[in-house]
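S.K.: File protein-v3.txt follows (compact mmCIF, N, CA and C atoms):
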```
# COMPACT_ATOMS: atom_id res chain seq x y z
N MET K 81 -47.03 -27.75 20.08
CA MET K 81 -45.97 -26.99 20.61
C MET K 81 -44.86 -26.77 19.61
N SER K 82 -44.16 -25.65 19.80
CA SER K 82 -43.06 -25.35 18.88
C SER K 82 -41.75 -25.88 19.44
N LYS K 83 -40.88 -26.19 18.56
CA LYS K 83 -39.57 -26.71 18.96
C LYS K 83 -38.68 -25.56 19.40
N ASN K 84 -37.81 -25.81 20.33
CA ASN K 84 -36.79 -24.85 20.72
C ASN K 84 -35.60 -25.03 19.78
N VAL K 85 -35.48 -24.15 18.82
CA VAL K 85 -34.40 -24.23 17.85
C VAL K 85 -33.31 -23.26 18.29
N ASP K 86 -32.08 -23.71 18.24
CA ASP K 86 -30.96 -22.84 18.59
C ASP K 86 -30.73 -21.87 17.44
N LEU K 87 -31.29 -20.63 17.61
CA LEU K 87 -31.19 -19.64 16.55
C LEU K 87 -29.77 -19.10 16.39
N GLY K 88 -28.99 -19.14 17.46
CA GLY K 88 -27.62 -18.65 17.39
C GLY K 88 -26.79 -19.42 16.40
N ALA K 89 -26.90 -20.71 16.41
CA ALA K 89 -26.11 -21.54 15.50
C ALA K 89 -26.58 -21.33 14.06
N ASN K 90 -27.88 -21.26 13.84
CA ASN K 90 -28.39 -21.03 12.49
C ASN K 90 -28.02 -19.65 11.97
N TRP K 91 -28.05 -18.67 12.87
CA TRP K 91 -27.71 -17.30 12.47
C TRP K 91 -26.25 -17.21 12.04
N GLU K 92 -25.36 -17.80 12.81
CA GLU K 92 -23.93 -17.80 12.46
C GLU K 92 -23.69 -18.53 11.15
N GLY K 93 -24.40 -19.62 10.95
CA GLY K 93 -24.27 -20.37 9.70
C GLY K 93 -24.73 -19.55 8.52
N ALA K 94 -25.81 -18.80 8.71
CA ALA K 94 -26.34 -17.97 7.63
C ALA K 94 -25.35 -16.86 7.28
N ILE K 95 -24.74 -16.25 8.30
CA ILE K 95 -23.75 -15.18 8.06
C ILE K 95 -22.53 -15.74 7.34
N LYS K 96 -22.03 -16.88 7.76
CA LYS K 96 -20.86 -17.49 7.10
C LYS K 96 -21.17 -17.82 5.65
N THR K 97 -22.37 -18.37 5.42
CA THR K 97 -22.76 -18.70 4.05
C THR K 97 -22.84 -17.44 3.19
N LEU K 98 -23.41 -16.36 3.77
CA LEU K 98 -23.52 -15.09 3.04
C LEU K 98 -22.14 -14.53 2.70
N LEU K 99 -21.23 -14.58 3.67
CA LEU K 99 -19.87 -14.08 3.43
C LEU K 99 -19.17 -14.89 2.35
N GLN K 100 -19.37 -16.19 2.35
CA GLN K 100 -18.74 -17.03 1.33
C GLN K 100 -19.32 -16.76 -0.04
N ARG K 101 -20.62 -16.60 -0.11
CA ARG K 101 -21.25 -16.33 -1.41
C ARG K 101 -20.85 -14.98 -1.98
N LEU K 102 -20.70 -13.97 -1.09
CA LEU K 102 -20.29 -12.64 -1.53
C LEU K 102 -18.78 -12.51 -1.68
N ASP K 103 -18.08 -13.59 -1.38
CA ASP K 103 -16.62 -13.63 -1.47
C ASP K 103 -15.98 -12.53 -0.62
N MET K 104 -16.48 -12.36 0.60
CA MET K 104 -15.95 -11.37 1.53
C MET K 104 -15.03 -12.08 2.52
N PRO K 105 -13.89 -11.46 2.85
CA PRO K 105 -12.95 -12.11 3.78
C PRO K 105 -13.49 -12.10 5.20
N THR K 106 -13.17 -13.13 5.93
CA THR K 106 -13.55 -13.20 7.33
C THR K 106 -12.46 -12.58 8.18
N LYS K 107 -12.74 -12.48 9.47
CA LYS K 107 -11.77 -11.91 10.40
C LYS K 107 -10.50 -12.76 10.43
N GLU K 108 -10.66 -14.07 10.37
CA GLU K 108 -9.50 -14.95 10.37
C GLU K 108 -8.66 -14.77 9.11
N ASP K 109 -9.34 -14.56 7.97
CA ASP K 109 -8.61 -14.34 6.71
C ASP K 109 -7.76 -13.07 6.80
N ILE K 110 -8.34 -12.04 7.38
CA ILE K 110 -7.62 -10.76 7.49
C ILE K 110 -6.42 -10.90 8.41
N HIS K 111 -6.59 -11.59 9.55
CA HIS K 111 -5.46 -11.80 10.46
C HIS K 111 -4.37 -12.62 9.79
N HIS K 112 -4.75 -13.61 9.01
CA HIS K 112 -3.77 -14.43 8.30
C HIS K 112 -2.98 -13.58 7.30
N LEU K 113 -3.68 -12.70 6.58
CA LEU K 113 -3.00 -11.83 5.61
C LEU K 113 -2.04 -10.86 6.32
N HIS K 114 -2.47 -10.31 7.45
CA HIS K 114 -1.58 -9.41 8.21
C HIS K 114 -0.32 -10.13 8.66
N ALA K 115 -0.47 -11.34 9.11
CA ALA K 115 0.70 -12.11 9.54
C ALA K 115 1.65 -12.36 8.38
N ARG K 116 1.11 -12.68 7.21
CA ARG K 116 1.97 -12.91 6.04
C ARG K 116 2.66 -11.62 5.61
N LEU K 117 1.93 -10.50 5.66
CA LEU K 117 2.54 -9.22 5.30
C LEU K 117 3.67 -8.86 6.26
N ASP K 118 3.48 -9.12 7.54
CA ASP K 118 4.53 -8.84 8.51
C ASP K 118 5.79 -9.65 8.21
N THR K 119 5.63 -10.92 7.88
CA THR K 119 6.81 -11.74 7.56
C THR K 119 7.48 -11.26 6.29
N LEU K 120 6.70 -10.86 5.29
CA LEU K 120 7.29 -10.34 4.05
C LEU K 120 8.06 -9.05 4.31
N GLU K 121 7.51 -8.16 5.11
CA GLU K 121 8.20 -6.91 5.42
C GLU K 121 9.51 -7.17 6.16
N GLN K 122 9.49 -8.14 7.07
CA GLN K 122 10.72 -8.47 7.79
C GLN K 122 11.77 -9.04 6.85
N LEU K 123 11.36 -9.87 5.90
CA LEU K 123 12.31 -10.41 4.93
C LEU K 123 12.90 -9.32 4.05
N ILE K 124 12.06 -8.38 3.64
CA ILE K 124 12.55 -7.28 2.79
C ILE K 124 13.56 -6.44 3.55
N GLN K 125 13.27 -6.15 4.81
CA GLN K 125 14.18 -5.34 5.61
C GLN K 125 15.51 -6.05 5.84
N GLN K 126 15.49 -7.35 5.96
CA GLN K 126 16.72 -8.10 6.16
C GLN K 126 17.59 -8.10 4.92
N LYS K 127 16.98 -8.13 3.76
CA LYS K 127 17.75 -8.24 2.51
C LYS K 127 18.26 -6.90 2.02
N GLN K 128 17.66 -5.80 2.45
CA GLN K 128 18.09 -4.49 1.97
C GLN K 128 19.33 -4.05 2.74
N PRO K 129 20.34 -3.56 2.02
CA PRO K 129 21.50 -3.03 2.72
C PRO K 129 21.13 -1.70 3.36
N ALA K 130 21.91 -1.32 4.33
CA ALA K 130 21.65 -0.05 5.02
C ALA K 130 21.77 1.09 4.01
N ALA K 131 20.78 1.93 4.01
CA ALA K 131 20.77 3.04 3.07
C ALA K 131 21.84 4.05 3.46
N LYS K 132 22.67 4.38 2.49
CA LYS K 132 23.71 5.36 2.74
C LYS K 132 23.22 6.72 2.26
N ARG K 133 23.46 7.69 3.07
CA ARG K 133 23.10 9.05 2.68
C ARG K 133 24.14 9.58 1.71
N PRO K 134 23.69 10.32 0.72
CA PRO K 134 24.67 10.94 -0.16
C PRO K 134 25.41 12.03 0.61
N PRO K 135 26.67 12.24 0.27
CA PRO K 135 27.43 13.26 1.01
C PRO K 135 26.79 14.63 0.81
N ARG K 136 26.79 15.40 1.88
CA ARG K 136 26.20 16.73 1.82
C ARG K 136 27.08 17.66 0.99
N LYS K 137 26.41 18.47 0.22
CA LYS K 137 27.14 19.48 -0.52
C LYS K 137 27.39 20.66 0.41
N LYS K 138 28.59 21.17 0.33
CA LYS K 138 28.90 22.33 1.14
C LYS K 138 28.31 23.55 0.45
N THR K 139 27.32 24.10 1.11
CA THR K 139 26.68 25.29 0.56
C THR K 139 27.04 26.48 1.42
N SER K 140 27.14 27.58 0.78
CA SER K 140 27.42 28.78 1.55
C SER K 140 26.15 29.18 2.29
N LYS K 141 26.33 29.66 3.48
CA LYS K 141 25.18 30.07 4.28
C LYS K 141 24.58 31.33 3.67
N ARG K 142 23.27 31.36 3.70
CA ARG K 142 22.60 32.56 3.20
C ARG K 142 22.75 33.67 4.22
N LYS K 143 22.96 34.84 3.73
CA LYS K 143 23.12 35.99 4.61
C LYS K 143 21.74 36.51 4.99
N SER K 144 21.66 37.10 6.15
CA SER K 144 20.41 37.69 6.57
C SER K 144 20.19 38.99 5.80
N ALA K 145 18.97 39.47 5.83
CA ALA K 145 18.65 40.71 5.13
C ALA K 145 19.42 41.88 5.73
N SER K 146 19.60 41.84 7.06
CA SER K 146 20.37 42.91 7.71
C SER K 146 21.83 42.88 7.28
N ALA K 147 22.40 41.67 7.15
CA ALA K 147 23.80 41.55 6.74
C ALA K 147 23.99 42.05 5.31
N ILE K 148 23.03 41.74 4.45
CA ILE K 148 23.11 42.20 3.06
C ILE K 148 23.06 43.72 3.01
N THR K 149 22.12 44.29 3.76
CA THR K 149 21.96 45.75 3.77
C THR K 149 23.21 46.42 4.35
N LEU K 150 23.73 45.87 5.44
CA LEU K 150 24.93 46.44 6.06
C LEU K 150 26.13 46.37 5.12
N GLU K 151 26.22 45.28 4.36
CA GLU K 151 27.31 45.11 3.40
C GLU K 151 27.23 46.18 2.29
N ILE K 152 26.03 46.46 1.85
CA ILE K 152 25.86 47.47 0.79
C ILE K 152 26.19 48.86 1.32
N ILE K 153 25.73 49.16 2.53
CA ILE K 153 26.02 50.47 3.11
C ILE K 153 27.52 50.62 3.34
N ALA K 154 28.20 49.54 3.74
CA ALA K 154 29.64 49.59 3.98
C ALA K 154 30.42 49.85 2.69
N GLY K 155 29.83 49.53 1.57
CA GLY K 155 30.50 49.75 0.28
C GLY K 155 30.56 51.22 -0.13
N TYR K 156 29.88 52.07 0.59
CA TYR K 156 29.87 53.50 0.30
C TYR K 156 30.39 54.24 1.53
N PRO K 157 31.68 54.56 1.59
CA PRO K 157 32.25 55.18 2.79
C PRO K 157 31.69 56.57 3.10
N ASP K 158 31.25 57.30 2.08
CA ASP K 158 30.71 58.64 2.32
C ASP K 158 29.22 58.61 2.62
N GLY K 159 28.61 57.46 2.52
CA GLY K 159 27.18 57.33 2.78
C GLY K 159 26.43 56.98 1.51
N VAL K 160 25.28 56.38 1.67
CA VAL K 160 24.48 55.95 0.53
C VAL K 160 23.02 56.29 0.82
N ASP K 161 22.30 56.68 -0.22
CA ASP K 161 20.91 57.04 0.00
C ASP K 161 19.98 55.82 -0.04
N PHE K 162 18.78 56.02 0.46
CA PHE K 162 17.80 54.95 0.62
C PHE K 162 17.47 54.29 -0.71
N LYS K 163 17.29 55.07 -1.74
CA LYS K 163 16.91 54.53 -3.05
C LYS K 163 17.99 53.60 -3.60
N THR K 164 19.25 53.96 -3.43
CA THR K 164 20.35 53.11 -3.90
C THR K 164 20.37 51.78 -3.15
N ILE K 165 20.14 51.85 -1.83
CA ILE K 165 20.11 50.63 -1.04
C ILE K 165 18.94 49.75 -1.51
N MET K 166 17.78 50.37 -1.73
CA MET K 166 16.60 49.62 -2.15
C MET K 166 16.83 48.97 -3.52
N ASP K 167 17.45 49.68 -4.43
CA ASP K 167 17.74 49.11 -5.75
C ASP K 167 18.74 47.96 -5.67
N ALA K 168 19.73 48.09 -4.80
CA ALA K 168 20.78 47.07 -4.69
C ALA K 168 20.26 45.81 -4.01
N THR K 169 19.41 45.96 -3.01
CA THR K 169 18.94 44.79 -2.27
C THR K 169 17.71 44.16 -2.91
N GLY K 170 16.85 44.96 -3.48
CA GLY K 170 15.61 44.44 -4.04
C GLY K 170 14.52 44.27 -2.99
N PHE K 171 14.79 44.75 -1.76
CA PHE K 171 13.79 44.65 -0.70
C PHE K 171 12.74 45.74 -0.89
N ASP K 172 11.53 45.45 -0.40
CA ASP K 172 10.49 46.47 -0.51
C ASP K 172 10.72 47.56 0.53
N ASP K 173 9.97 48.63 0.41
CA ASP K 173 10.15 49.84 1.21
C ASP K 173 10.06 49.55 2.71
N LYS K 174 8.99 48.91 3.14
CA LYS K 174 8.76 48.67 4.57
C LYS K 174 9.85 47.79 5.18
N LYS K 175 10.22 46.73 4.47
CA LYS K 175 11.25 45.82 4.98
C LYS K 175 12.57 46.55 5.15
N LEU K 176 12.93 47.34 4.16
CA LEU K 176 14.21 48.06 4.21
C LEU K 176 14.20 49.11 5.32
N ARG K 177 13.09 49.79 5.51
CA ARG K 177 13.01 50.78 6.59
C ARG K 177 13.17 50.10 7.95
N ASN K 178 12.56 48.95 8.13
CA ASN K 178 12.71 48.22 9.39
C ASN K 178 14.15 47.78 9.62
N ILE K 179 14.82 47.34 8.55
CA ILE K 179 16.21 46.90 8.67
C ILE K 179 17.11 48.08 9.04
N ILE K 180 16.90 49.21 8.38
CA ILE K 180 17.72 50.39 8.67
C ILE K 180 17.47 50.87 10.10
N TYR K 181 16.22 50.84 10.53
CA TYR K 181 15.91 51.23 11.91
C TYR K 181 16.64 50.32 12.90
N ARG K 182 16.60 49.02 12.64
CA ARG K 182 17.25 48.05 13.53
C ARG K 182 18.76 48.25 13.54
N LEU K 183 19.37 48.44 12.36
CA LEU K 183 20.82 48.65 12.30
C LEU K 183 21.22 49.94 13.00
N ASP K 184 20.38 50.97 12.89
CA ASP K 184 20.65 52.23 13.57
C ASP K 184 20.52 52.06 15.08
N SER K 185 19.53 51.29 15.53
CA SER K 185 19.35 51.04 16.97
C SER K 185 20.52 50.25 17.54
N LEU K 186 21.07 49.34 16.75
CA LEU K 186 22.22 48.56 17.18
C LEU K 186 23.54 49.31 17.02
N GLU K 187 23.44 50.52 16.51
CA GLU K 187 24.59 51.40 16.27
C GLU K 187 25.60 50.79 15.32
N LYS K 188 25.11 50.14 14.29
CA LYS K 188 25.98 49.60 13.25
C LYS K 188 26.08 50.56 12.08
N ILE K 189 25.07 51.41 11.93
CA ILE K 189 25.10 52.45 10.90
C ILE K 189 24.74 53.78 11.56
N LYS K 190 25.05 54.84 10.82
CA LYS K 190 24.78 56.18 11.33
C LYS K 190 24.06 56.96 10.23
N ARG K 191 23.11 57.77 10.63
CA ARG K 191 22.38 58.60 9.68
C ARG K 191 23.20 59.87 9.42
N VAL K 192 23.63 60.06 8.17
CA VAL K 192 24.42 61.24 7.81
C VAL K 192 23.48 62.43 7.67
N ARG K 193 22.44 62.25 6.92
CA ARG K 193 21.36 63.22 6.77
C ARG K 193 20.12 62.43 6.40
N ARG K 194 19.03 63.10 6.22
CA ARG K 194 17.79 62.39 5.96
C ARG K 194 17.92 61.52 4.73
N GLY K 195 17.71 60.20 4.92
CA GLY K 195 17.73 59.25 3.80
C GLY K 195 19.11 58.80 3.38
N THR K 196 20.18 59.24 4.08
CA THR K 196 21.53 58.84 3.73
C THR K 196 22.18 58.23 4.98
N TYR K 197 22.80 57.04 4.75
CA TYR K 197 23.36 56.29 5.87
C TYR K 197 24.76 55.82 5.55
N LYS K 198 25.57 55.65 6.61
CA LYS K 198 26.90 55.07 6.42
C LYS K 198 27.22 54.24 7.66
N THR K 199 28.22 53.37 7.51
CA THR K 199 28.60 52.49 8.62
C THR K 199 29.44 53.28 9.62
N ILE K 200 29.42 52.81 10.83
CA ILE K 200 30.19 53.46 11.89
C ILE K 200 31.57 52.84 11.99
```
The structure in this file should be written as structure tokens.
M.R.:
Amino acid sequence: MSKNVDLGANWEGAIKTLLQRLDMPTKEDIHHLHARLDTLEQLIQQKQPAAKRPPRKKTSKRKSASAITLEIIAGYPDGVDFKTIMDATGFDDKKLRNIIYRLDSLEKIKRVRRGTYKTI
């Protein structure tokens, strides 16, 4: 007859021996390291003074594209043509046409003749 050998105990022993030979950390080793890291992080946080933010620089607010365009048109009381506005703003054709359409819809500018606009 064969002996009833407790394979569970031998299997666990074999795994532990393999882990030790391969120098692999066990679950307990990992938990121990996590606990030590947590204590180190807490010590670091206690020793660091509260971080002070550098004072904000006062920057001028950027103007919207519509505000820039309206400002340029306002600089010409008799009206200004589309090409001059495009050269002054640097906006592409489609963007500038949309801005002029919007300003005209809001009644902030008036069309003097085709391609020429002035402020109201």
S.K.: What separation in Å, quoted to one decimal, exists between atom CA of K:Thr199 and atom CA of K:Ile179?
M.R.: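 Separation between atom CA of K:Thr199 and atom CA of K:Ile179: 13.6 Å.
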S.K.: Tell me, in Å to one decimal, how far atom N of K:Gln126 is from atom CA of K:His114.
M.R.: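 Computing it gives 17.3 Å between the two atoms.
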S.K.: For the atom pair atom C of K:Arg194 and atom CA of K:Arg142, what is the interatomic distance in Å to one decimal place?
M.R.: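 So the answer is 29.4 Å.
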S.K.: Where does DSSP see alpha helix (DSSP H) in stretch 81-192 of chain K, if you list the residues as a count of residues only?
M.R.: 67
S.K.: How big is the axis-aligned box around all listed atoms of stretch 122-127 of chain K once 4 Å goes on each side, and where's its centre, in Å to one decimal, as JSON?
M.R.:
```
{"center_x": 13.9, "center_y": -7.9, "center_z": 4.9, "size_x": 16.8, "size_y": 13.1, "size_z": 13.8}
```
S.K.: Which residues are near K:Ala154? Cut-off 10 Å, only C-alpha atoms, ignore same chain within fewer than 3 positions. Put them as a list of chain:residue names.
M.R.: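 Once the adjacent positions are removed, what remains is K:Ile148, K:Thr149, K:Leu150, K:Glu151, K:Pro157, K:Asp158, K:Gly159, K:Val160, K:Lys188, K:Ile189, K:Tyr197, K:Lys198, K:Thr199, K:Ile200.
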S.K.: Determine which residues of stretch 94-198 of chain K receive a DSSP assignment of strand (DSSP E), computed from the backbone, and state them as a ChimeraX atom specification.
M.R.: /K:160-161,189-193,196-198
